[in-house]
>>> print(open('data11.txt').read())   # compact mmCIF, C-alpha atoms and all ligand atoms
# COMPACT_ATOMS: atom_id res chain seq x y z
CA MET P 123 -117.07 59.21 111.09
CA THR P 124 -114.03 58.87 113.38
CA LYS P 125 -113.84 61.21 116.33
CA ASN P 126 -110.21 62.13 115.83
CA TYR P 127 -108.38 63.14 112.70
CA HIS P 128 -105.86 60.51 111.55
CA GLY P 129 -103.67 59.73 108.57
CA GLY P 130 -104.12 56.68 106.39
CA ASN P 131 -107.62 57.38 105.11
CA LEU P 132 -107.14 56.27 101.51
CA LYS P 133 -110.83 56.26 100.71
CA GLU P 134 -111.14 59.90 101.69
CA GLY P 135 -107.94 60.81 99.81
CA ALA P 136 -109.19 59.12 96.66
CA ARG P 137 -112.54 60.90 96.89
CA LEU P 138 -110.93 64.27 97.55
CA TYR P 139 -108.46 64.11 94.66
CA GLY P 140 -110.52 62.14 92.16
CA LEU P 141 -107.97 59.32 92.09
CA ARG P 142 -108.22 55.59 92.67
CA GLU P 143 -106.90 54.27 95.98
CA VAL P 144 -104.18 52.29 94.20
CA GLU P 145 -102.90 55.50 92.61
CA LEU P 146 -102.14 57.02 96.01
CA LEU P 147 -98.78 56.97 97.73
CA ASP P 148 -99.57 57.14 101.41
CA PHE P 149 -97.08 59.03 103.54
CA SER P 150 -99.84 59.92 106.00
CA ALA P 151 -99.93 56.59 107.90
CA ASN P 152 -96.90 55.19 109.71
CA ILE P 153 -96.70 51.64 108.40
CA ASN P 154 -93.62 49.54 107.58
CA PRO P 155 -92.66 50.55 104.02
CA LEU P 156 -91.64 46.96 103.22
CA GLY P 157 -95.16 45.75 104.02
CA PRO P 158 -95.87 42.58 105.98
CA SER P 159 -93.61 39.56 106.15
CA PRO P 160 -93.96 37.73 102.81
CA GLN P 161 -95.07 34.69 104.82
CA VAL P 162 -98.24 36.51 105.85
CA TRP P 163 -99.93 35.99 102.47
CA THR P 164 -99.51 32.20 102.58
CA ALA P 165 -100.58 32.08 106.22
CA LEU P 166 -103.71 34.06 105.40
CA GLN P 167 -104.58 31.82 102.47
CA LYS P 168 -104.18 28.76 104.67
CA ALA P 169 -106.28 30.31 107.42
CA LEU P 170 -109.07 31.51 105.16
CA PRO P 171 -111.14 28.28 105.16
CA ARG P 172 -111.09 28.39 108.97
CA ILE P 173 -113.13 31.60 109.16
CA ILE P 174 -116.28 29.45 109.25
CA HIS P 175 -115.17 28.40 112.76
CA TYR P 176 -114.63 30.55 115.82
CA PRO P 177 -111.02 31.53 116.45
CA ASP P 178 -109.22 30.31 119.58
CA PRO P 179 -111.11 32.52 122.08
CA GLU P 180 -107.92 33.47 123.94
CA ALA P 181 -105.49 33.28 121.00
CA ARG P 182 -103.25 31.19 123.25
CA GLU P 183 -100.56 30.30 120.74
CA LEU P 184 -100.25 33.89 119.56
CA LYS P 185 -100.05 35.08 123.15
CA GLU P 186 -97.24 32.60 123.92
CA VAL P 187 -95.25 33.59 120.85
CA LEU P 188 -95.76 37.31 121.48
CA ALA P 189 -94.76 36.90 125.14
CA SER P 190 -91.53 35.22 124.15
CA TYR P 191 -90.89 37.91 121.48
CA LEU P 192 -91.32 40.53 124.23
CA GLY P 193 -89.41 38.53 126.85
CA VAL P 194 -92.28 38.48 129.38
CA PRO P 195 -94.48 35.70 130.84
CA ALA P 196 -97.72 35.11 128.88
CA GLY P 197 -99.68 35.85 132.05
CA GLN P 198 -98.62 39.51 131.80
CA VAL P 199 -100.06 39.95 128.30
CA VAL P 200 -103.52 41.10 127.16
CA LEU P 201 -104.21 40.83 123.43
CA GLY P 202 -106.47 43.33 121.74
CA ASN P 203 -108.14 44.23 118.50
CA GLY P 204 -105.40 46.79 117.89
CA GLY P 205 -103.53 48.77 120.51
CA ALA P 206 -106.27 51.40 120.31
CA GLU P 207 -108.81 49.02 121.84
CA LEU P 208 -106.57 48.60 124.88
CA ILE P 209 -105.87 52.33 125.19
CA TYR P 210 -109.64 52.83 125.43
CA LEU P 211 -109.98 49.91 127.84
CA LEU P 212 -107.45 51.43 130.26
CA SER P 213 -109.37 54.68 130.54
CA ARG P 214 -112.63 52.77 131.04
CA PHE P 215 -111.04 50.57 133.69
CA PHE P 216 -109.21 53.20 135.73
CA ARG P 217 -111.91 55.91 135.45
CA PRO P 218 -109.17 58.49 135.97
CA GLY P 219 -109.75 61.88 137.55
CA ARG P 220 -107.56 63.28 134.81
CA VAL P 221 -105.68 62.06 131.78
CA VAL P 222 -102.20 63.56 131.65
CA LEU P 223 -100.36 63.59 128.35
CA THR P 224 -97.70 65.41 126.43
CA ALA P 225 -98.62 67.85 123.67
CA PRO P 226 -98.28 66.98 120.89
CA THR P 227 -99.08 63.30 121.10
CA PHE P 228 -101.33 60.59 119.66
CA GLY P 229 -104.95 61.74 119.63
CA GLU P 230 -106.56 58.62 121.12
CA TYR P 231 -105.11 58.86 124.64
CA GLY P 232 -108.03 59.49 126.97
CA GLY P 233 -110.41 57.80 124.53
CA GLY P 234 -112.87 55.63 126.42
CA ALA P 235 -113.37 58.26 129.12
CA PRO P 236 -115.57 60.89 127.48
CA GLY P 237 -115.59 64.21 129.26
CA VAL P 238 -112.53 63.37 131.36
CA GLU P 239 -110.31 66.31 132.22
CA ILE P 240 -107.18 66.31 130.05
CA LEU P 241 -103.98 67.88 131.31
CA PRO P 242 -101.63 68.51 128.36
CA LEU P 243 -97.98 69.14 129.18
CA ASN P 244 -96.56 71.15 126.32
CA LEU P 245 -93.32 69.97 124.74
CA ALA P 246 -91.04 72.66 123.36
CA PRO P 247 -89.91 72.70 119.72
CA GLU P 248 -86.70 74.44 120.87
CA ARG P 249 -85.94 71.24 122.81
CA ASP P 250 -86.91 69.07 119.83
CA PHE P 251 -90.12 68.21 121.72
CA ARG P 252 -88.25 66.12 124.30
CA LEU P 253 -90.15 65.54 127.51
CA THR P 254 -88.71 66.63 130.84
CA LEU P 255 -89.36 64.99 134.19
CA GLU P 256 -89.78 68.41 135.81
CA GLN P 257 -92.95 68.97 133.79
CA PHE P 258 -94.49 65.85 135.28
CA ALA P 259 -93.04 66.19 138.78
CA GLY P 260 -95.08 69.22 139.69
CA SER P 261 -98.23 68.12 137.89
CA LEU P 262 -99.30 64.60 138.88
CA LYS P 263 -102.15 63.93 141.28
CA PRO P 264 -103.65 60.73 142.73
CA GLY P 265 -105.97 59.05 140.24
CA ASP P 266 -104.27 60.48 137.14
CA LEU P 267 -103.77 58.24 134.14
CA VAL P 268 -100.61 59.33 132.36
CA PHE P 269 -99.93 58.44 128.71
CA VAL P 270 -96.48 58.73 127.18
CA GLY P 271 -95.70 57.60 123.64
CA ASN P 272 -92.21 56.19 123.19
CA PRO P 273 -91.26 56.99 120.50
CA ASN P 274 -93.88 59.70 120.59
CA ASN P 275 -96.30 60.26 117.72
CA PRO P 276 -96.10 62.65 115.84
CA THR P 277 -92.60 63.79 116.86
CA GLY P 278 -90.88 60.40 116.65
CA VAL P 279 -88.77 61.46 119.62
CA LEU P 280 -87.43 58.64 121.78
CA THR P 281 -87.29 58.96 125.56
CA PRO P 282 -84.44 57.03 127.24
CA ARG P 283 -85.43 54.01 129.33
CA GLU P 284 -84.03 55.59 132.54
CA THR P 285 -86.24 58.65 132.09
CA VAL P 286 -89.32 56.48 131.54
CA LEU P 287 -88.52 54.51 134.69
CA GLU P 288 -88.08 57.72 136.67
CA LEU P 289 -91.43 58.83 135.34
CA ALA P 290 -92.96 55.56 136.55
CA GLN P 291 -91.54 56.31 139.98
CA LEU P 292 -93.00 59.79 139.91
CA ALA P 293 -96.35 58.28 138.95
CA ALA P 294 -96.13 55.78 141.81
CA ALA P 295 -95.26 58.50 144.31
CA ALA P 296 -98.21 60.58 143.14
CA GLY P 297 -100.67 57.65 143.21
CA SER P 298 -101.17 57.68 139.44
CA GLN P 299 -100.70 55.12 136.65
CA LEU P 300 -98.24 55.47 133.80
CA VAL P 301 -99.07 53.97 130.40
CA VAL P 302 -96.13 53.84 128.00
CA ASP P 303 -97.24 53.38 124.41
CA GLU P 304 -94.50 51.52 122.55
CA ALA P 305 -96.43 51.09 119.27
CA PHE P 306 -93.36 52.25 117.31
CA MET P 307 -90.57 50.86 119.52
CA ASP P 308 -89.96 47.93 117.11
CA PHE P 309 -88.50 50.42 114.63
CA VAL P 310 -85.87 51.68 117.08
CA GLU P 311 -82.43 50.13 116.63
CA GLU P 312 -81.39 50.57 120.27
CA SER P 313 -84.65 49.79 121.96
CA GLN P 314 -85.58 51.78 125.06
CA SER P 315 -88.49 49.49 125.83
CA VAL P 316 -89.57 49.03 129.43
CA VAL P 317 -91.89 46.16 128.56
CA SER P 318 -89.97 43.58 130.59
CA LEU P 319 -90.40 45.69 133.73
CA ALA P 320 -94.15 46.29 133.51
CA GLY P 321 -95.08 42.96 135.12
CA ALA P 322 -93.23 43.78 138.30
CA HIS P 323 -94.13 47.44 138.59
CA PRO P 324 -97.27 48.58 140.43
CA ASN P 325 -97.74 51.71 138.30
CA LEU P 326 -96.42 50.87 134.86
CA ILE P 327 -98.37 49.50 131.90
CA VAL P 328 -96.97 49.11 128.39
CA VAL P 329 -99.21 49.17 125.33
CA GLY P 330 -97.97 47.93 121.97
CA SER P 331 -99.17 47.38 118.45
CA LEU P 332 -98.55 44.69 115.86
CA THR P 333 -100.03 46.81 113.08
CA LYS P 334 -97.05 49.12 112.51
CA ILE P 335 -93.86 47.15 111.97
CA PHE P 336 -95.83 44.10 110.86
CA ALA P 337 -97.85 46.28 108.47
CA LEU P 338 -101.22 44.76 109.39
CA PRO P 339 -103.37 47.78 110.31
CA GLY P 340 -106.38 46.32 108.53
CA LEU P 341 -106.29 43.15 110.62
CA ARG P 342 -106.14 44.92 114.01
CA LEU P 343 -103.69 43.41 116.48
CA GLY P 344 -102.31 44.97 119.64
CA TYR P 345 -101.32 44.11 123.20
CA LEU P 346 -100.62 45.42 126.63
CA VAL P 347 -98.24 44.17 129.29
CA ALA P 348 -98.89 44.69 132.99
CA ARG P 349 -98.77 42.91 136.35
CA GLU P 350 -100.73 39.65 136.34
CA GLU P 351 -103.40 40.77 138.78
CA LEU P 352 -104.28 43.76 136.59
CA VAL P 353 -104.15 41.59 133.47
CA SER P 354 -106.82 39.25 134.84
CA GLN P 355 -109.03 42.21 135.85
CA LEU P 356 -108.72 43.67 132.35
CA GLU P 357 -109.38 40.28 130.68
CA ASP P 358 -112.67 40.13 132.64
CA LEU P 359 -113.84 43.24 130.78
CA LEU P 360 -113.03 41.93 127.30
CA PRO P 361 -115.00 39.51 125.11
CA PRO P 362 -113.54 36.21 123.87
CA TRP P 363 -112.74 35.82 120.12
CA ARG P 364 -111.73 39.48 119.77
CA VAL P 365 -108.55 38.51 117.91
CA ASN P 366 -109.90 36.99 114.73
CA THR P 367 -108.62 33.90 112.91
CA LEU P 368 -106.76 35.84 110.22
CA ALA P 369 -105.13 38.22 112.68
CA GLN P 370 -103.95 35.28 114.80
CA ALA P 371 -102.48 33.51 111.76
CA ALA P 372 -100.76 36.63 110.41
CA GLY P 373 -99.48 37.65 113.85
CA LEU P 374 -97.86 34.26 114.42
CA VAL P 375 -95.81 34.19 111.23
CA SER P 376 -94.93 37.88 111.53
CA LEU P 377 -93.50 37.45 115.02
CA ARG P 378 -91.41 34.51 113.85
CA ASP P 379 -89.95 36.24 110.78
CA GLN P 380 -86.90 37.80 112.43
CA GLU P 381 -85.21 38.41 109.10
CA HIS P 382 -88.04 40.61 107.84
CA LEU P 383 -87.93 42.58 111.09
CA ARG P 384 -84.18 43.07 110.84
CA ARG P 385 -84.40 44.19 107.23
CA SER P 386 -87.31 46.54 107.99
CA ARG P 387 -85.36 48.28 110.76
CA GLU P 388 -82.35 48.59 108.50
CA VAL P 389 -84.28 50.10 105.57
CA VAL P 390 -86.21 52.48 107.82
CA LYS P 391 -83.03 53.75 109.47
CA GLU P 392 -81.29 54.31 106.15
CA GLU P 393 -84.28 56.02 104.54
CA ARG P 394 -85.06 58.11 107.61
CA GLU P 395 -81.53 59.52 107.62
CA TYR P 396 -81.75 60.15 103.89
CA LEU P 397 -85.06 61.97 104.25
CA ILE P 398 -83.76 64.11 107.13
CA GLU P 399 -80.79 65.28 105.07
CA GLN P 400 -82.84 65.93 101.94
CA LEU P 401 -85.60 67.76 103.82
CA LYS P 402 -82.98 70.00 105.45
CA ASP P 403 -81.51 70.71 102.01
CA LEU P 404 -84.94 71.86 100.85
CA GLY P 405 -85.06 74.31 103.78
CA PHE P 406 -87.45 72.38 106.05
CA ARG P 407 -86.78 71.49 109.70
CA PRO P 408 -87.30 67.79 110.30
CA PHE P 409 -87.26 66.74 113.97
CA PRO P 410 -84.89 63.97 115.09
CA GLY P 411 -87.42 61.12 114.95
CA ARG P 412 -86.25 57.59 115.71
CA ALA P 413 -89.23 55.68 114.33
CA ASN P 414 -90.62 55.20 110.81
CA PHE P 415 -92.00 58.73 110.49
CA LEU P 416 -90.82 62.31 110.71
CA LEU P 417 -92.40 65.50 111.99
CA VAL P 418 -91.39 68.40 109.77
CA SER P 419 -91.65 72.11 110.52
CA THR P 420 -92.30 74.40 107.55
CA HIS P 421 -91.83 77.67 109.47
CA SER P 422 -88.45 78.24 107.85
CA VAL P 423 -89.92 78.07 104.33
CA GLY P 424 -93.07 80.01 105.21
CA VAL P 425 -95.50 77.60 103.56
CA THR P 426 -98.26 75.88 105.51
CA GLY P 427 -98.67 72.12 105.62
CA ALA P 428 -102.10 72.56 104.03
CA LYS P 429 -100.59 74.36 101.07
CA LEU P 430 -98.13 71.53 100.53
CA GLN P 431 -100.92 69.00 100.93
CA SER P 432 -103.02 70.68 98.28
CA PHE P 433 -100.08 70.53 95.88
CA LEU P 434 -99.19 66.89 96.65
CA GLY P 435 -102.68 65.41 96.97
CA PRO P 436 -103.83 65.81 93.35
CA ARG P 437 -100.44 64.37 92.33
CA GLY P 438 -101.22 61.21 94.30
CA VAL P 439 -99.13 61.77 97.44
CA LEU P 440 -100.74 61.95 100.88
CA ILE P 441 -99.08 63.63 103.87
CA ARG P 442 -100.42 64.10 107.40
CA LEU P 443 -101.30 67.63 108.43
CA CYS P 444 -100.67 68.35 112.09
CA HIS P 445 -103.23 71.01 112.98
CA SER P 446 -105.22 68.43 114.98
CA PHE P 447 -102.33 67.87 117.39
CA ALA P 448 -102.37 70.14 120.45
CA ASN P 449 -99.39 72.50 120.56
CA LEU P 450 -98.65 72.31 116.82
CA ASP P 451 -99.69 75.00 114.38
CA ASP P 452 -100.39 74.98 110.64
CA TYR P 453 -96.69 74.99 109.81
CA TYR P 454 -96.03 71.31 110.43
CA PHE P 455 -96.62 68.08 108.58
CA ARG P 456 -95.77 64.44 109.27
CA ILE P 457 -94.56 61.87 106.79
CA ALA P 458 -93.92 58.16 106.97
CA VAL P 459 -90.50 56.87 105.97
CA ARG P 460 -90.98 54.84 102.81
CA THR P 461 -88.76 53.19 100.18
CA ARG P 462 -86.08 55.17 98.31
CA GLU P 463 -88.09 55.45 95.12
CA GLU P 464 -91.18 56.63 96.98
CA ASN P 465 -89.17 59.05 99.11
CA GLU P 466 -87.60 60.50 95.96
CA LYS P 467 -91.06 61.09 94.54
CA LEU P 468 -92.15 62.91 97.68
CA LEU P 469 -88.99 65.03 97.81
CA GLY P 470 -89.30 65.94 94.14
CA LEU P 471 -92.87 67.09 94.63
CA LEU P 472 -92.01 69.03 97.78
CA GLU P 473 -89.33 70.87 95.82
CA GLU P 474 -91.84 71.67 93.09
CA ALA P 475 -94.38 72.80 95.68
CA LEU P 476 -91.87 75.21 97.22
CA ALA P 477 -90.89 76.57 93.82
CA ALA P 478 -94.56 77.04 92.89
CA SER P 479 -95.35 78.81 96.15
CA SER P 480 -92.51 81.29 95.71
CA SER P 481 -92.92 81.94 91.98
CA PRO P 482 -94.45 85.33 91.11
CA ALA P 483 -96.93 83.65 88.74
CA GLN P 484 -98.25 81.47 91.57
CA GLY P 485 -98.35 84.46 93.89
CA ARG P 486 -100.47 86.35 91.36
CA ARG P 487 -102.83 83.41 90.93
CA ASP P 488 -103.26 83.26 94.69
CA GLY P 489 -103.88 87.00 94.84
CA LYS P 490 -100.79 87.55 97.02
C1 LIG A 1 -98.84 56.10 118.97
C2 LIG A 1 -99.88 55.12 118.57
N1 LIG A 1 -100.29 54.22 119.46
C3 LIG A 1 -101.22 53.30 119.15
C4 LIG A 1 -101.81 53.28 117.92
C5 LIG A 1 -102.87 52.28 117.65
O1 LIG A 1 -102.43 51.29 116.82
P1 LIG A 1 -103.33 50.04 116.48
O2 LIG A 1 -104.66 50.24 117.12
O3 LIG A 1 -103.40 49.97 115.00
O4 LIG A 1 -102.60 48.87 117.09
C6 LIG A 1 -101.43 54.21 116.95
C7 LIG A 1 -102.05 54.22 115.62
O5 LIG A 1 -101.87 55.09 114.82
C8 LIG A 1 -100.43 55.15 117.29
O6 LIG A 1 -100.02 56.07 116.41
>>> encode(input="data11.txt", output="structure tokens")
Amino acid sequence: MTKNYHGGNLKEGARLYGLREVELLDFSANINPLGPSPQVWTALQKALPRIIHYPDPEARELKEVLASYLGVPAGQVVLGNGGAELIYLLSRFFRPGRVVLTAPTFGEYGGGAPGVEILPLNLAPERDFRLTLEQFAGSLKPGDLVFVGNPNNPTGVLTPRETVLELAQLAAAAGSQLVVDEAFMDFVEESQSVVSLAGAHPNLIVVGSLTKIFALPGLRLGYLVAREELVSQLEDLLPPWRVNTLAQAAGLVSLRDQEHLRRSREVVKEEREYLIEQLKDLGFRPFPGRANFLLVSTHSVGVTGAKLQSFLGPRGVLIRLCHSFANLDDYYFRIAVRTREENEKLLGLLEEALAASSSPAQGRRDGK
């Protein structure tokens, strides 16, 4: 059993709703709706006979290609079995006095340091959950490990590069480390990435993922970028061969398929804007996310996320409830941005769910 609640658990969804996994439309995990680059399937087939050999222990070619994709020297890159492995590694390495994070944010920050004190800095819905430097300025102490998602999960809110760099300065002044998680930055049209600055900064580390835009969550592929001295200390704590043969092969072709990346960003932008408008029309409040997912408040329609989930689930559509995120209540849900046809299906069912929850017949059945 996983420690934290996450979306994307198709097995559990299928069991819960008595459906087969292939019958489910998964809006609960934030994966590129176009799927992987079409070249991935051929690359995997070609790589398959090689699984009887060990992979390149350091995945050198993949590291070189990723480094050039990111615009950093390969010596600043650590590859991991998913970004999550490296998030855990950082907490194990730094042994922080406290983990400082925004609330809400991704539930795995601070993983790897069981029992560590967590300082959540609450983001305000009235400000669309944007972070403010003032919140951090008065809060940081020496030895803190600070995690900031950019764009943040589950809000999708993007923090401007200048603000992130000011935050890194605040962290440096306070004697703490800032980790910026850019797992979803590839979806942003006008990137605010600070990855190219991490190698030169004493207090800035960037974590990234190749499972989101490249749609390879089952293969596990992530990275971090930091100054070279820290990179070699972190490499000393990691085993060789952790990036497997298939992940290396798929990662390589994915990083080289610029056209698929361009198209993915384009579709996500178009569909995200469409979903925002349509959700507003239904009476919901979607937050201004800039990635491939949206946080939606249901306060205005007075129906909990759980109620919507129990309507959608048996009809084969999975959404992510948000009760497990600190500072969010039962009146939120999160959805991935998917293709037009899939988004239409979701919107249609949400409309039906709202109608059912307000109809007198439904009210009577529910005893309300
Ligand atoms: C914000 C954020 N960071 C990192 C990760 C980890 O991604 P992975 O381990 O698949 O690379 C996730 C996964 O959901 C995430 O939402």
>>> residues_near_ligand(input="data11.txt", ligand="ligand LIG 1 (chain A)", cutoff="10 Å", atoms="all atoms listed in the file", output="ChimeraX atom specification")
/P:128-130,151-153,202-209,227-231,270-276,278,302-307,329-334,337-345
>>> atom_distance(input="data11.txt", atom1="atom CA of Val353 of chain P", atom2="atom CA of Asn366 of chain P")
20.1 Å
>>> residues_around(input="data11.txt", residues="Ala196 of chain P", least_positions_apart="4", cutoff="8 Å", atoms="only C-alpha atoms", output="list in words")
Lys185, Glu186, Leu188, Ala189 and Ser190 of chain P
>>> residues_around(input="data11.txt", residues="Pro177 of chain P", least_positions_apart="5", cutoff="12 Å", atoms="all atoms listed in the file", output="PyMOL selection string")
chain P and resi 169-172+182-184+362-371
>>> atom_distance(input="data11.txt", atom1="atom CA of Arg407 of chain P", atom2="atom CA of Phe309 of chain P")
21.7 Å
>>> atom_distance(input="data11.txt", atom1="atom CA of Asn449 of chain P", atom2="atom CA of Gly234 of chain P")
22.4 Å
>>> closest_residue(input="data11.txt", among="P:Pro179, P:Pro160, P:Pro218, P:Gly265", to="Asp379 of chain P", atoms="all atoms listed in the file")
P:Pro160
>>> closest_residue(input="data11.txt", among="P:Asn325, P:Glu311, P:His445, P:Thr281", to="Ala294 of chain P", atoms="all atoms listed in the file")
P:Asn325
>>> closest_atom_pairs(input="data11.txt", of="segment 141-221 of chain P", to="segment 243-263 of chain P", cutoff="10 Å", atoms="only C-alpha atoms", output="tab-separated table")
residue	atom	partner	partner_atom	distance
P:Gly219	CA	P:Lys263	CA	8.7
P:Arg220	CA	P:Lys263	CA	8.5
P:Val221	CA	P:Leu262	CA	9.9
>>> closest_atom_pairs(input="data11.txt", of="segment 131-193 of chain P", to="segment 424-432 of chain P", cutoff="12 Å", atoms="only C-alpha atoms", output="Markdown table")
| residue | atom | partner | partner_atom | distance |
| --- | --- | --- | --- | --- |
| P:Gly135 | CA | P:Gln431 | CA | 10.8 |
| P:Leu138 | CA | P:Ser432 | CA | 10.2 |
| P:Tyr139 | CA | P:Ser432 | CA | 9.3 |
| P:Asp148 | CA | P:Gln431 | CA | 11.9 |
| P:Phe149 | CA | P:Gln431 | CA | 11.0 |
| P:Ser150 | CA | P:Gln431 | CA | 10.5 |
>>> closest_residue(input="data11.txt", among="P:Gly435, P:Leu472, P:Gly233, P:Gln314", to="Asn126 of chain P", atoms="all atoms listed in the file")
P:Gly233
>>> decode(input="data11.txt", residues="segment 370-384 of chain P", atoms="N, CA, C and O atoms", output="compact mmCIF listing (two decimals), in the first residue's frame")
# COMPACT_ATOMS: atom_id res chain seq x y z
N GLN P 370 15.76 3.70 -20.63
CA GLN P 370 16.81 4.43 -21.36
C GLN P 370 16.43 4.57 -22.84
O GLN P 370 16.54 5.65 -23.43
N ALA P 371 15.96 3.47 -23.43
CA ALA P 371 15.62 3.49 -24.86
C ALA P 371 14.45 4.44 -25.12
O ALA P 371 14.47 5.25 -26.07
N ALA P 372 13.42 4.37 -24.28
CA ALA P 372 12.24 5.21 -24.49
C ALA P 372 12.57 6.68 -24.23
O ALA P 372 12.11 7.58 -24.94
N GLY P 373 13.38 6.93 -23.21
CA GLY P 373 13.77 8.30 -22.88
C GLY P 373 14.51 8.96 -24.04
O GLY P 373 14.23 10.12 -24.38
N LEU P 374 15.42 8.20 -24.65
CA LEU P 374 16.22 8.76 -25.74
C LEU P 374 15.36 9.22 -26.92
O LEU P 374 15.49 10.36 -27.38
N VAL P 375 14.46 8.35 -27.37
CA VAL P 375 13.66 8.76 -28.54
C VAL P 375 12.66 9.85 -28.17
O VAL P 375 12.35 10.73 -28.98
N SER P 376 12.16 9.81 -26.93
CA SER P 376 11.20 10.84 -26.51
C SER P 376 11.84 12.22 -26.53
O SER P 376 11.25 13.19 -27.00
N LEU P 377 13.05 12.30 -25.98
CA LEU P 377 13.73 13.60 -25.91
C LEU P 377 14.05 14.15 -27.29
O LEU P 377 14.16 15.37 -27.47
N ARG P 378 14.20 13.25 -28.26
CA ARG P 378 14.57 13.70 -29.61
C ARG P 378 13.36 14.04 -30.46
O ARG P 378 13.50 14.65 -31.51
N ASP P 379 12.16 13.66 -30.01
CA ASP P 379 10.96 13.89 -30.83
C ASP P 379 10.36 15.26 -30.51
O ASP P 379 9.36 15.39 -29.80
N GLN P 380 11.00 16.29 -31.04
CA GLN P 380 10.56 17.67 -30.77
C GLN P 380 9.15 17.93 -31.29
O GLN P 380 8.40 18.70 -30.70
N GLU P 381 8.79 17.29 -32.39
CA GLU P 381 7.49 17.53 -32.99
C GLU P 381 6.36 17.05 -32.06
O GLU P 381 5.34 17.72 -31.90
N HIS P 382 6.58 15.88 -31.45
CA HIS P 382 5.57 15.37 -30.53
C HIS P 382 5.42 16.30 -29.32
O HIS P 382 4.31 16.55 -28.85
N LEU P 383 6.54 16.81 -28.86
CA LEU P 383 6.51 17.75 -27.73
C LEU P 383 5.73 19.01 -28.07
O LEU P 383 4.89 19.47 -27.30
N ARG P 384 6.03 19.55 -29.27
CA ARG P 384 5.37 20.78 -29.70
C ARG P 384 3.86 20.57 -29.79
O ARG P 384 3.07 21.33 -29.28
